[in-house]
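Listing of my_file_4.txt, compact mmCIF, C-alpha atoms (C1' of nucleotides)
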# COMPACT_ATOMS: atom_id res chain seq x y z
CA MET S 1 88.62 -76.91 -32.48
CA PHE S 2 89.80 -73.47 -33.42
CA LYS S 3 89.91 -72.39 -29.80
CA THR S 4 93.21 -74.12 -29.12
CA PHE S 5 94.79 -72.22 -31.96
CA ARG S 6 93.22 -68.97 -30.88
CA ASP S 7 94.69 -69.40 -27.42
CA TYR S 8 98.07 -69.97 -28.98
CA ILE S 9 98.09 -67.18 -31.51
CA THR S 10 96.74 -64.53 -29.15
CA GLN S 11 99.71 -65.24 -26.89
CA THR S 12 102.07 -64.33 -29.71
CA GLY S 13 100.41 -61.01 -30.60
CA SER S 14 97.23 -58.91 -30.58
CA PHE S 15 94.46 -59.73 -33.00
CA THR S 16 91.04 -58.28 -33.65
CA ALA S 17 87.95 -60.46 -33.65
CA LYS S 18 87.74 -59.97 -37.38
CA GLU S 19 91.28 -61.09 -37.93
CA LEU S 20 90.72 -64.20 -35.85
CA GLU S 21 87.61 -64.85 -37.87
CA MET S 22 89.64 -64.67 -41.08
CA MET S 23 92.05 -67.27 -39.72
CA ALA S 24 89.25 -69.54 -38.61
CA ALA S 25 87.36 -69.21 -41.89
CA THR S 26 90.29 -70.36 -44.01
CA SER S 27 91.45 -73.17 -41.74
CA VAL S 28 90.56 -76.83 -42.03
CA THR S 29 90.85 -79.41 -39.30
CA ARG S 30 92.11 -82.87 -40.01
CA GLN S 31 92.69 -86.09 -38.11
CA VAL S 32 95.82 -88.10 -38.69
CA ARG S 33 95.94 -91.43 -36.91
CA LYS S 34 99.09 -92.90 -35.44
CA LYS S 35 101.44 -94.21 -38.14
CA GLN S 36 99.57 -92.44 -40.91
CA PHE S 37 101.40 -90.05 -43.20
CA LEU S 38 100.72 -86.36 -43.54
CA GLN S 39 103.25 -86.18 -46.32
CA GLN S 40 105.48 -88.57 -48.23
CA GLU S 41 108.71 -88.10 -50.11
CA GLY S 42 108.08 -86.81 -53.63
CA GLU S 43 104.86 -85.00 -52.82
CA VAL S 44 104.61 -81.23 -53.05
CA SER S 45 103.67 -79.51 -49.82
CA ILE S 46 100.78 -77.09 -50.23
CA SER S 47 99.67 -76.52 -46.67
CA MET S 48 100.86 -75.06 -43.40
CA ASN S 49 99.96 -77.35 -40.55
CA PHE S 50 99.48 -76.60 -36.89
CA ILE S 51 99.25 -79.36 -34.29
CA LEU S 52 96.24 -79.02 -32.02
CA LYS S 53 96.76 -82.41 -30.43
CA GLY S 54 99.28 -85.20 -30.83
CA CYS S 55 102.86 -85.71 -31.89
CA MET S 56 104.49 -85.94 -35.31
CA ARG S 57 107.88 -86.30 -36.85
CA MET S 58 109.56 -85.23 -40.09
CA TYR S 59 112.27 -87.53 -41.37
CA ARG S 60 114.29 -88.47 -44.40
CA VAL S 61 115.33 -91.92 -45.59
CA ASP S 62 118.86 -92.56 -46.91
CA GLU S 63 120.04 -95.04 -49.56
CA GLN S 64 120.50 -97.79 -46.98
CA GLY S 65 116.91 -97.29 -45.89
CA HIS S 66 117.78 -95.69 -42.57
CA GLU S 67 115.47 -93.02 -41.21
CA HIS S 68 116.89 -89.73 -39.98
CA ILE S 69 114.51 -87.57 -38.00
CA LEU S 70 114.86 -83.84 -38.62
CA THR S 71 112.06 -82.61 -36.40
CA PHE S 72 109.57 -83.65 -33.78
CA ALA S 73 106.48 -81.56 -33.23
CA ILE S 74 103.79 -81.55 -30.57
CA GLU S 75 100.86 -79.35 -29.56
CA ASN S 76 101.20 -75.70 -30.53
CA TRP S 77 103.90 -76.33 -33.08
CA TRP S 78 103.86 -75.93 -36.81
CA ILE S 79 104.87 -78.97 -38.80
CA SER S 80 105.37 -78.43 -42.51
CA ASP S 81 107.97 -78.95 -45.14
CA LYS S 82 108.65 -75.26 -45.61
CA GLU S 83 111.12 -76.09 -48.34
CA SER S 84 108.63 -77.78 -50.63
CA PHE S 85 105.95 -75.29 -49.57
CA MET S 86 108.07 -72.31 -50.62
CA THR S 87 109.77 -73.70 -53.72
CA GLY S 88 107.06 -75.96 -55.07
CA ASN S 89 109.61 -78.74 -55.44
CA PRO S 90 108.81 -82.33 -54.45
CA SER S 91 109.57 -82.99 -50.81
CA LYS S 92 112.57 -84.96 -49.57
CA TYR S 93 110.79 -85.69 -46.33
CA PHE S 94 108.19 -87.89 -44.76
CA ILE S 95 105.88 -86.54 -42.09
CA ASP S 96 103.91 -89.05 -40.03
CA ALA S 97 102.00 -89.25 -36.77
CA LEU S 98 103.53 -90.81 -33.66
CA GLU S 99 100.19 -90.47 -31.88
CA ASP S 100 96.65 -89.85 -33.07
CA CYS S 101 96.74 -86.23 -34.15
CA GLN S 102 94.44 -83.32 -34.71
CA LEU S 103 95.70 -80.67 -37.12
CA LEU S 104 94.67 -77.23 -38.25
CA MET S 105 95.66 -76.59 -41.85
CA TRP S 106 95.83 -73.67 -44.24
CA GLN S 107 96.24 -73.88 -47.98
CA LYS S 108 99.17 -72.01 -49.45
CA GLU S 109 97.12 -69.19 -50.97
CA ASP S 110 95.04 -68.63 -47.86
CA PHE S 111 98.08 -68.63 -45.65
CA GLY S 112 99.80 -66.08 -47.88
CA ARG S 113 96.73 -63.89 -47.74
CA LEU S 114 96.65 -64.01 -43.95
CA LEU S 115 100.29 -62.97 -43.83
CA GLN S 116 99.60 -60.03 -46.13
CA GLN S 117 96.41 -58.83 -44.54
CA ILE S 118 97.19 -59.35 -40.86
CA PRO S 119 100.44 -57.63 -39.88
CA ALA S 120 100.45 -59.10 -36.38
CA PHE S 121 100.14 -62.57 -37.87
CA PHE S 122 103.09 -61.88 -40.10
CA VAL S 123 105.11 -60.80 -37.08
CA SER S 124 104.14 -63.91 -35.12
CA ILE S 125 105.16 -66.21 -37.94
CA GLN S 126 108.33 -64.23 -38.45
CA LYS S 127 109.21 -64.74 -34.78
CA PHE S 128 108.54 -68.43 -35.10
CA VAL S 129 110.78 -68.68 -38.15
CA VAL S 130 113.60 -66.88 -36.36
CA ALA S 131 113.25 -69.15 -33.33
CA LYS S 132 113.37 -72.20 -35.59
CA SER S 133 116.47 -70.92 -37.32
CA ILE S 134 118.23 -70.35 -34.01
CA ALA S 135 117.27 -73.81 -32.78
CA LEU S 136 118.51 -75.34 -36.02
CA HIS S 137 121.89 -73.63 -35.73
CA ASP S 138 122.18 -74.76 -32.12
CA ARG S 139 121.34 -78.28 -33.10
CA LEU S 140 123.89 -78.32 -35.89
CA TYR S 141 126.52 -77.11 -33.45
CA GLU S 142 125.56 -79.77 -30.95
CA THR S 143 125.61 -82.46 -33.62
CA LEU S 144 129.10 -81.36 -34.64
CA SER S 145 130.60 -80.99 -31.19
CA TYR S 146 128.79 -83.17 -28.65
CA SER S 147 129.38 -86.83 -27.80
CA ALA S 148 126.46 -89.27 -27.84
CA ASP S 149 126.15 -88.82 -24.10
CA GLU S 150 126.05 -85.04 -24.26
CA LYS S 151 123.58 -85.08 -27.13
CA TYR S 152 121.22 -87.30 -25.18
CA HIS S 153 121.29 -85.25 -21.99
CA ASN S 154 121.00 -82.03 -23.91
CA PHE S 155 117.93 -83.40 -25.66
CA ILE S 156 116.21 -84.27 -22.38
CA LYS S 157 116.96 -80.81 -21.08
CA THR S 158 115.84 -79.01 -24.24
CA TYR S 159 112.75 -81.08 -25.06
CA PRO S 160 111.56 -82.79 -21.86
CA ASP S 161 107.99 -82.84 -23.16
CA VAL S 162 109.02 -84.64 -26.33
CA PHE S 163 111.37 -86.98 -24.52
CA ASN S 164 108.66 -88.73 -22.55
CA ARG S 165 106.34 -89.21 -25.50
CA VAL S 166 108.46 -90.76 -28.22
CA PRO S 167 110.28 -94.12 -28.34
CA LEU S 168 113.97 -93.99 -27.54
CA GLN S 169 114.92 -95.35 -30.92
CA MET S 170 113.45 -92.25 -32.49
CA ILE S 171 115.42 -90.02 -30.17
CA ALA S 172 118.47 -92.00 -31.27
CA SER S 173 117.58 -91.31 -34.89
CA TYR S 174 117.12 -87.62 -34.12
CA LEU S 175 120.50 -87.47 -32.38
CA GLY S 176 122.27 -89.37 -35.13
CA VAL S 177 123.33 -92.35 -33.03
CA SER S 178 122.23 -96.00 -33.10
CA ARG S 179 119.57 -97.15 -30.66
CA GLU S 180 122.09 -99.55 -29.12
CA THR S 181 124.52 -96.74 -28.42
CA LEU S 182 121.76 -94.64 -26.89
CA SER S 183 120.74 -97.55 -24.71
CA ARG S 184 124.29 -97.96 -23.45
CA VAL S 185 124.70 -94.25 -22.81
CA ARG S 186 121.58 -94.33 -20.64
CA ASN S 187 122.71 -97.29 -18.58
CA GLN S 188 126.21 -96.02 -18.02
CA HIS S 189 124.69 -93.21 -16.04
CA ALA S 190 122.64 -95.45 -13.80
CA TYR S 191 125.83 -96.68 -12.14
CA LYS S 192 127.87 -93.53 -11.83
CA MET W 1 132.50 -50.10 -54.32
CA PHE W 2 128.74 -50.18 -54.40
CA LYS W 3 128.78 -51.39 -57.99
CA THR W 4 129.53 -55.00 -57.01
CA PHE W 5 126.51 -55.02 -54.75
CA ARG W 6 124.33 -53.36 -57.36
CA ASP W 7 125.26 -56.06 -59.86
CA TYR W 8 124.30 -58.68 -57.31
CA ILE W 9 121.04 -57.23 -56.09
CA THR W 10 119.72 -56.38 -59.55
CA GLN W 11 120.11 -60.03 -60.45
CA THR W 12 117.74 -60.97 -57.63
CA GLY W 13 115.00 -58.49 -58.55
CA SER W 14 114.06 -55.21 -60.22
CA PHE W 15 114.96 -51.95 -58.54
CA THR W 16 114.51 -48.31 -59.48
CA ALA W 17 117.44 -45.93 -59.54
CA LYS W 18 116.00 -44.25 -56.49
CA GLU W 19 115.78 -47.51 -54.56
CA LEU W 20 119.36 -48.35 -55.42
CA GLU W 21 120.33 -44.89 -54.26
CA MET W 22 118.65 -45.55 -50.92
CA MET W 23 120.64 -48.72 -50.48
CA ALA W 24 123.88 -47.02 -51.41
CA ALA W 25 123.23 -44.04 -49.16
CA THR W 26 122.78 -46.14 -46.04
CA SER W 27 125.62 -48.57 -46.69
CA VAL W 28 129.13 -48.35 -45.31
CA THR W 29 132.18 -50.12 -46.71
CA ARG W 30 134.73 -51.67 -44.42
CA GLN W 31 138.00 -53.52 -44.77
CA VAL W 32 138.70 -56.54 -42.63
CA ARG W 33 142.20 -57.95 -42.96
CA LYS W 34 142.97 -61.65 -42.81
CA LYS W 35 142.68 -63.03 -39.26
CA GLN W 36 140.87 -59.96 -37.99
CA PHE W 37 137.50 -60.33 -36.35
CA LEU W 38 134.27 -58.89 -37.60
CA GLN W 39 132.54 -60.14 -34.49
CA GLN W 40 133.50 -61.93 -31.30
CA GLU W 41 131.54 -64.07 -28.90
CA GLY W 42 129.58 -61.96 -26.43
CA GLU W 43 129.15 -58.97 -28.71
CA VAL W 44 125.72 -57.93 -29.98
CA SER W 45 125.36 -57.94 -33.75
CA ILE W 46 123.92 -54.69 -35.08
CA SER W 47 124.76 -54.87 -38.76
CA MET W 48 123.98 -56.88 -41.87
CA ASN W 49 127.17 -57.56 -43.81
CA PHE W 50 127.65 -58.33 -47.46
CA ILE W 51 130.97 -59.59 -48.80
CA LEU W 52 132.22 -57.63 -51.80
CA LYS W 53 135.58 -59.36 -51.80
CA GLY W 54 137.24 -62.01 -49.69
CA CYS W 55 136.30 -64.99 -47.55
CA MET W 56 135.05 -65.25 -43.99
CA ARG W 57 133.90 -67.86 -41.53
CA MET W 58 131.51 -67.98 -38.59
CA TYR W 59 132.41 -70.41 -35.84
CA ARG W 60 131.82 -71.33 -32.26
CA VAL W 61 134.29 -72.50 -29.63
CA ASP W 62 133.43 -75.34 -27.24
CA GLU W 63 134.56 -75.95 -23.65
CA GLN W 64 137.65 -77.83 -24.79
CA GLY W 65 138.60 -74.86 -26.93
CA HIS W 66 137.82 -76.58 -30.22
CA GLU W 67 136.48 -74.47 -33.06
CA HIS W 68 133.38 -75.57 -34.96
CA ILE W 69 132.70 -73.72 -38.19
CA LEU W 70 129.03 -73.08 -38.91
CA THR W 71 129.41 -71.11 -42.12
CA PHE W 72 131.84 -70.01 -44.76
CA ALA W 73 131.04 -66.99 -46.89
CA ILE W 74 132.61 -65.53 -50.00
CA GLU W 75 131.79 -62.81 -52.54
CA ASN W 76 128.08 -62.05 -52.95
CA TRP W 77 127.13 -63.71 -49.68
CA TRP W 78 125.71 -62.21 -46.54
CA ILE W 79 127.61 -62.98 -43.36
CA SER W 80 125.93 -61.97 -40.13
CA ASP W 81 124.86 -63.47 -36.88
CA LYS W 82 121.17 -63.21 -37.63
CA GLU W 83 120.40 -64.61 -34.20
CA SER W 84 122.05 -61.82 -32.27
CA PHE W 85 120.90 -59.30 -34.87
CA MET W 86 117.26 -60.28 -34.44
CA THR W 87 117.11 -60.95 -30.72
CA GLY W 88 119.62 -58.41 -29.44
CA ASN W 89 121.25 -61.13 -27.38
CA PRO W 90 125.05 -61.46 -27.15
CA SER W 91 126.44 -63.61 -29.90
CA LYS W 92 127.67 -67.17 -29.43
CA TYR W 93 129.80 -66.91 -32.54
CA PHE W 94 133.04 -65.52 -33.85
CA ILE W 95 133.27 -64.15 -37.36
CA ASP W 96 136.70 -63.59 -38.81
CA ALA W 97 138.40 -63.09 -42.16
CA LEU W 98 140.22 -65.93 -43.92
CA GLU W 99 141.44 -63.48 -46.56
CA ASP W 100 141.62 -59.71 -46.72
CA CYS W 101 137.99 -58.71 -47.09
CA GLN W 102 135.90 -55.83 -48.31
CA LEU W 103 132.44 -55.57 -46.81
CA LEU W 104 129.31 -53.57 -47.37
CA MET W 105 127.42 -53.02 -44.14
CA TRP W 106 124.02 -51.72 -43.06
CA GLN W 107 123.04 -50.78 -39.55
CA LYS W 108 120.03 -52.53 -38.12
CA GLU W 109 117.65 -49.55 -38.39
CA ASP W 110 118.66 -48.71 -41.94
CA PHE W 111 118.35 -52.29 -43.05
CA GLY W 112 114.88 -52.54 -41.53
CA ARG W 113 113.86 -49.38 -43.33
CA LEU W 114 115.07 -50.74 -46.66
CA LEU W 115 113.06 -53.90 -46.12
CA GLN W 116 109.94 -51.87 -45.38
CA GLN W 117 110.27 -49.32 -48.14
CA ILE W 118 111.56 -51.49 -50.98
CA PRO W 119 109.27 -54.48 -51.57
CA ALA W 120 111.61 -56.06 -54.12
CA PHE W 121 114.44 -55.88 -51.60
CA PHE W 122 112.27 -57.61 -49.05
CA VAL W 123 111.52 -60.36 -51.56
CA SER W 124 115.21 -60.80 -52.40
CA ILE W 125 116.19 -61.12 -48.77
CA GLN W 126 113.28 -63.46 -48.16
CA LYS W 127 114.51 -65.70 -50.97
CA PHE W 128 117.97 -65.68 -49.51
CA VAL W 129 116.65 -66.63 -46.08
CA VAL W 130 114.66 -69.51 -47.54
CA ALA W 131 117.68 -70.76 -49.48
CA LYS W 132 119.78 -70.61 -46.33
CA SER W 133 117.17 -72.55 -44.39
CA ILE W 134 117.04 -75.26 -47.03
CA ALA W 135 120.84 -75.50 -47.11
CA LEU W 136 120.92 -75.76 -43.34
CA HIS W 137 118.42 -78.60 -43.27
CA ASP W 138 120.36 -80.41 -45.97
CA ARG W 139 123.57 -79.96 -44.04
CA LEU W 140 122.04 -81.27 -40.84
CA TYR W 141 120.81 -84.32 -42.71
CA GLU W 142 124.23 -84.87 -44.22
CA THR W 143 125.91 -84.46 -40.86
CA LEU W 144 123.56 -87.05 -39.37
CA SER W 145 123.73 -89.62 -42.14
CA TYR W 146 126.97 -89.31 -44.13
CA SER W 147 130.36 -90.89 -43.39
CA ALA W 148 133.47 -88.68 -43.25
CA ASP W 149 134.21 -89.66 -46.83
CA GLU W 150 130.76 -88.78 -48.10
CA LYS W 151 130.74 -85.49 -46.22
CA TYR W 152 134.01 -84.49 -47.81
CA HIS W 153 133.04 -85.30 -51.38
CA ASN W 154 129.66 -83.73 -50.93
CA PHE W 155 131.34 -80.55 -49.72
CA ILE W 156 133.59 -80.36 -52.77
CA LYS W 157 130.59 -80.84 -55.01
CA THR W 158 128.40 -78.33 -53.18
CA TYR W 159 130.99 -75.61 -52.54
CA PRO W 160 133.79 -76.03 -55.09
CA ASP W 161 134.57 -72.32 -54.91
CA VAL W 162 135.01 -72.43 -51.15
CA PHE W 163 136.92 -75.70 -51.23
CA ASN W 164 139.90 -74.30 -53.09
CA ARG W 165 140.23 -71.19 -50.93
CA VAL W 166 140.21 -72.41 -47.36
CA PRO W 167 142.65 -74.69 -45.49
CA LEU W 168 141.64 -78.34 -45.22
CA GLN W 169 141.62 -78.20 -41.44
CA MET W 170 138.80 -75.69 -41.64
CA ILE W 171 136.82 -77.91 -43.96
CA ALA W 172 137.38 -80.65 -41.40
CA SER W 173 136.01 -78.37 -38.70
CA TYR W 174 133.02 -77.53 -40.89
CA LEU W 175 132.33 -81.20 -41.54
CA GLY W 176 132.71 -82.19 -37.91
CA VAL W 177 135.69 -84.53 -38.37
CA SER W 178 139.32 -84.22 -37.26
CA ARG W 179 141.85 -82.91 -39.75
CA GLU W 180 143.71 -86.22 -39.53
CA THR W 181 140.61 -88.13 -40.56
CA LEU W 182 140.01 -85.75 -43.44
CA SER W 183 143.58 -86.17 -44.58
CA ARG W 184 143.25 -89.95 -44.57
CA VAL W 185 139.93 -89.84 -46.41
CA ARG W 186 141.56 -87.80 -49.15
CA ASN W 187 144.51 -90.14 -49.57
CA GLN W 188 142.43 -93.29 -49.58
CA HIS W 189 140.88 -92.09 -52.77
CA ALA W 190 144.19 -91.43 -54.51
CA TYR W 191 144.79 -95.19 -54.68
CA LYS W 192 141.37 -96.50 -55.59
C1' DC X 1 166.15 -68.51 -45.77
C1' DG X 2 163.86 -69.05 -41.44
C1' DA X 3 159.45 -69.14 -39.27
C1' DT X 4 154.94 -70.17 -39.32
C1' DT X 5 151.12 -72.59 -40.88
C1' DC X 6 149.24 -76.49 -42.91
C1' DT X 7 149.17 -81.36 -44.10
C1' DT X 8 150.35 -86.00 -43.65
C1' DT X 9 151.53 -90.33 -41.32
C1' DG X 10 151.83 -93.94 -37.67
C1' DA X 11 150.30 -96.37 -33.68
C1' DA X 12 147.25 -96.83 -29.93
C1' DA X 13 143.00 -96.03 -27.74
C1' DA X 14 138.28 -94.59 -27.57
C1' DC X 15 134.07 -94.62 -29.56
C1' DA X 16 130.14 -96.01 -32.12
C1' DG X 17 127.97 -99.32 -35.33
C1' DT X 18 126.35 -103.96 -36.51
C1' DC X 19 124.39 -108.36 -35.79
C1' DA X 20 122.06 -111.50 -33.05
C1' DA X 21 119.79 -112.79 -29.06
C1' DT X 22 117.14 -111.81 -25.10
C1' DC X 23 114.16 -109.23 -22.19
C1' DT X 24 110.21 -106.13 -21.15
C1' DG X 25 105.92 -104.18 -21.49
C1' DT X 26 101.58 -103.43 -23.96
C1' DG X 27 97.67 -104.57 -26.25
C1' DT X 28 94.62 -107.79 -28.83
C1' DG X 29 91.89 -111.68 -29.76
C1' DG X 30 90.29 -116.05 -28.26
C1' DC A 1 91.61 -113.62 -18.01
C1' DC A 2 95.17 -115.78 -20.35
C1' DA A 3 98.16 -116.52 -24.22
C1' DC A 4 100.28 -114.70 -27.85
C1' DA A 5 102.09 -111.30 -30.88
C1' DC A 6 104.42 -107.18 -31.43
C1' DA A 7 106.99 -103.14 -30.66
C1' DG A 8 110.50 -101.36 -28.05
C1' DA A 9 114.66 -101.72 -25.12
C1' DT A 10 118.70 -103.94 -23.62
C1' DT A 11 122.91 -106.79 -23.71
C1' DG A 12 127.06 -109.19 -25.50
C1' DA A 13 130.58 -109.95 -28.79
C1' DC A 14 132.64 -108.28 -32.61
C1' DT A 15 133.93 -105.08 -36.22
C1' DG A 16 134.92 -100.85 -38.12
C1' DT A 17 135.55 -96.03 -37.97
C1' DT A 18 137.26 -91.95 -35.90
C1' DT A 19 139.95 -89.58 -32.45
C1' DT A 20 144.05 -88.61 -30.10
C1' DC A 21 148.84 -87.87 -29.50
C1' DA A 22 153.18 -87.34 -31.39
C1' DA A 23 156.18 -86.56 -35.01
C1' DA A 24 157.62 -85.48 -39.44
C1' DG A 25 156.98 -83.53 -44.01
C1' DA A 26 155.21 -79.80 -47.33
C1' DA A 27 154.02 -75.35 -48.43
C1' DT A 28 153.75 -70.48 -47.89
C1' DC A 29 155.03 -65.91 -46.54
C1' DG A 30 157.69 -62.19 -45.01
Just give me the structure as structure tokens.
Amino acid sequence: MFKTFRDYITQTGSFTAKELEMMAATSVTRQVRKKQFLQQEGEVSISMNFILKGCMRMYRVDEQGHEHILTFAIENWWISDKESFMTGNPSKYFIDALEDCQLLMWQKEDFGRLLQQIPAFFVSIQKFVVAKSIALHDRLYETLSYSADEKYHNFIKTYPDVFNRVPLQMIASYLGVSRETLSRVRNQHAYK
Amino acid sequence: MFKTFRDYITQTGSFTAKELEMMAATSVTRQVRKKQFLQQEGEVSISMNFILKGCMRMYRVDEQGHEHILTFAIENWWISDKESFMTGNPSKYFIDALEDCQLLMWQKEDFGRLLQQIPAFFVSIQKFVVAKSIALHDRLYETLSYSADEKYHNFIKTYPDVFNRVPLQMIASYLGVSRETLSRVRNQHAYK
DNA sequence: CGATTCTTTGAAAACAGTCAATCTGTGTGG
DNA sequence: CCACACAGATTGACTGTTTTCAAAGAATCG
């Protein structure tokens, strides 16, 4: 179980056996079956979650009941509502499983302790946070400036491994276009 | 000069006279006149910048030459291309002044040293980064799910102090709609 | 006051959304 | 193994919103 995570984390920095042991000791594994929720709107997030296996999404529901996907996550990605985790406020987001999933989880206090006591872990997480921030800025720019067509092709290029695992209607939701529009965009290209 | 910053930073945490002296000693003030650039695309960002006075924007230019504003910033806000600052890669963004500005700047090495040596400073910056991340997620959600009308009114509500300082066409650029559409959205409401 | 910048308006065209129906593929239970 | 149900994808017709282009009207600044 923990091995997958160890392979991941040792690629992001150097850790002693003792440090790895600390991480393992405080982690908990959990199964989340397809369509089950890891978190629902209104709940307070108290764990950091790492995907060992499977695929999840984080989304928000508007007044008309439409879902808007903020993030997909697959193996070797963290999926958490950092906002609720950091502030202690109720979450605005749902997180559910698009496939049967296996997670590695840390409680808030344990995670904070790891960050304090293992400098290399802190650096790894820091790097991840920076990368996320860059990706988020890029995505905002793309959402502001790209057409439906450009958004779609950019998504395939940027996340090929997500593209072939999730239904198209969810990609449409992620891109901020209707599934019908996405469908048409795809078929335009078949005849050009 | 430094007083404005001291007032700000002491509101975010507790600092000793010596710590404040360290911050002051490593800071540099700089004037940027309206329409002048603090940073242009392709340059590497090597400073963290705090606005003492004035208003700036960070934007990106697409292939058609259209500007897309990612951020506005006014007094007591940081304005930097964190991406280029952290990675050392050339920036994708322009930063320029919408009014005559007065900045307080720290070089990369000095800023890193402050973060290491002044725990309360680290915590303050951390809080700021978290707040920015939350705001960015909210904005992405709004961009995905709101109509032009909703985006506009939400902007006024969220950033009233920015709203009455920048031209409407820039708010349009920020919201991802054309200035004509924004103009129409505004005048619709005058007769409802 | 003239020049520049910003905002508004109109008309046409492009684009995307909605609703409804159909088609496709997958998996489940009989 | 087949039939059926179900989720997902596509298509057509229509509607509504937003963009674009062009022009004119405010507002601001030197």
Listing only residues of chain S within 10 Å of chain A, what is the closest atom pair and its distance in Å (to one decimal) for each, using all atoms listed in the file, sorted by chain and residue number ascending, as a Markdown table?
| residue | atom | partner | partner_atom | distance |
| --- | --- | --- | --- | --- |
| S:Pro167 | CA | A:DG8 | C1' | 7.2 |
| S:Leu168 | CA | A:DA9 | C1' | 8.1 |
| S:Gln169 | CA | A:DG8 | C1' | 8.0 |
| S:Arg179 | CA | A:DA9 | C1' | 8.7 |
| S:Glu180 | CA | A:DT10 | C1' | 7.8 |
| S:Ser183 | CA | A:DT10 | C1' | 6.8 |
| S:Arg184 | CA | A:DT10 | C1' | 8.2 |
| S:Asn187 | CA | A:DT10 | C1' | 9.3 |
Exercise. Pick out the residues sitting within 9 Å of region 82-85 of chain W, and hand them over as an MDAnalysis selection string; count all atoms listed in the file, and ignore anything fewer than 4 positions along from it in its own chain.
Key: (chainID S and resid 130:131 133:134) or (chainID W and resid 43:48 89:92 108)
Provide as a list in words the residues of chain X at most 12 Å from chain S, counting all atoms listed in the file. DA14, DC15, DA16, DG17, DT18 and DC19 of chain X
Residue with the minimum atom-to-atom distance to chain S, picked from W:Gly13, W:Gly176, W:Gly88, W:Gly112 with only C-alpha atoms counted, is W:Gly176
Report, as AutoDock Vina command-line options, the centre and edge lengths in Å (one decimal) of the axis-aligned box enclosing every listed atom of region 16-22 of chain S, padded by 6 Å on each side.
--center_x 89.4 --center_y -61.6 --center_z -37.4 --size_x 15.7 --size_y 18.6 --size_z 19.4
**Request:** For chain S, report every residue with an atom at most 12 Å from chain W (counting only C-alpha atoms), formatted as a VMD selection string.
**Result:** chain S and resid 58 to 71 81 to 87 89 91 to 93 126 to 147 172 to 178
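In this model, the gap between CA of Thr16 (chain W) and CA of Phe111 (chain W) comes to 17.3 Å.
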* Excluding Thr12 (chain W) and residues on its chain fewer than 5 positions from it, collect all residues at most 10 Å away from it, counting all atoms listed in the file, and give them as a ChimeraX atom specification. => /W:7,120-121,123-125,127-128
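Ranking W:Phe122, W:Trp77, W:Phe37, W:Phe50 by their shortest atom-to-atom distance to Leu104 (chain W), with all atoms listed in the file included, puts W:Phe50 first.
If you look at CA of Cys55 (chain S) and CA of Leu38 (chain S), they are 11.9 Å away from each other.
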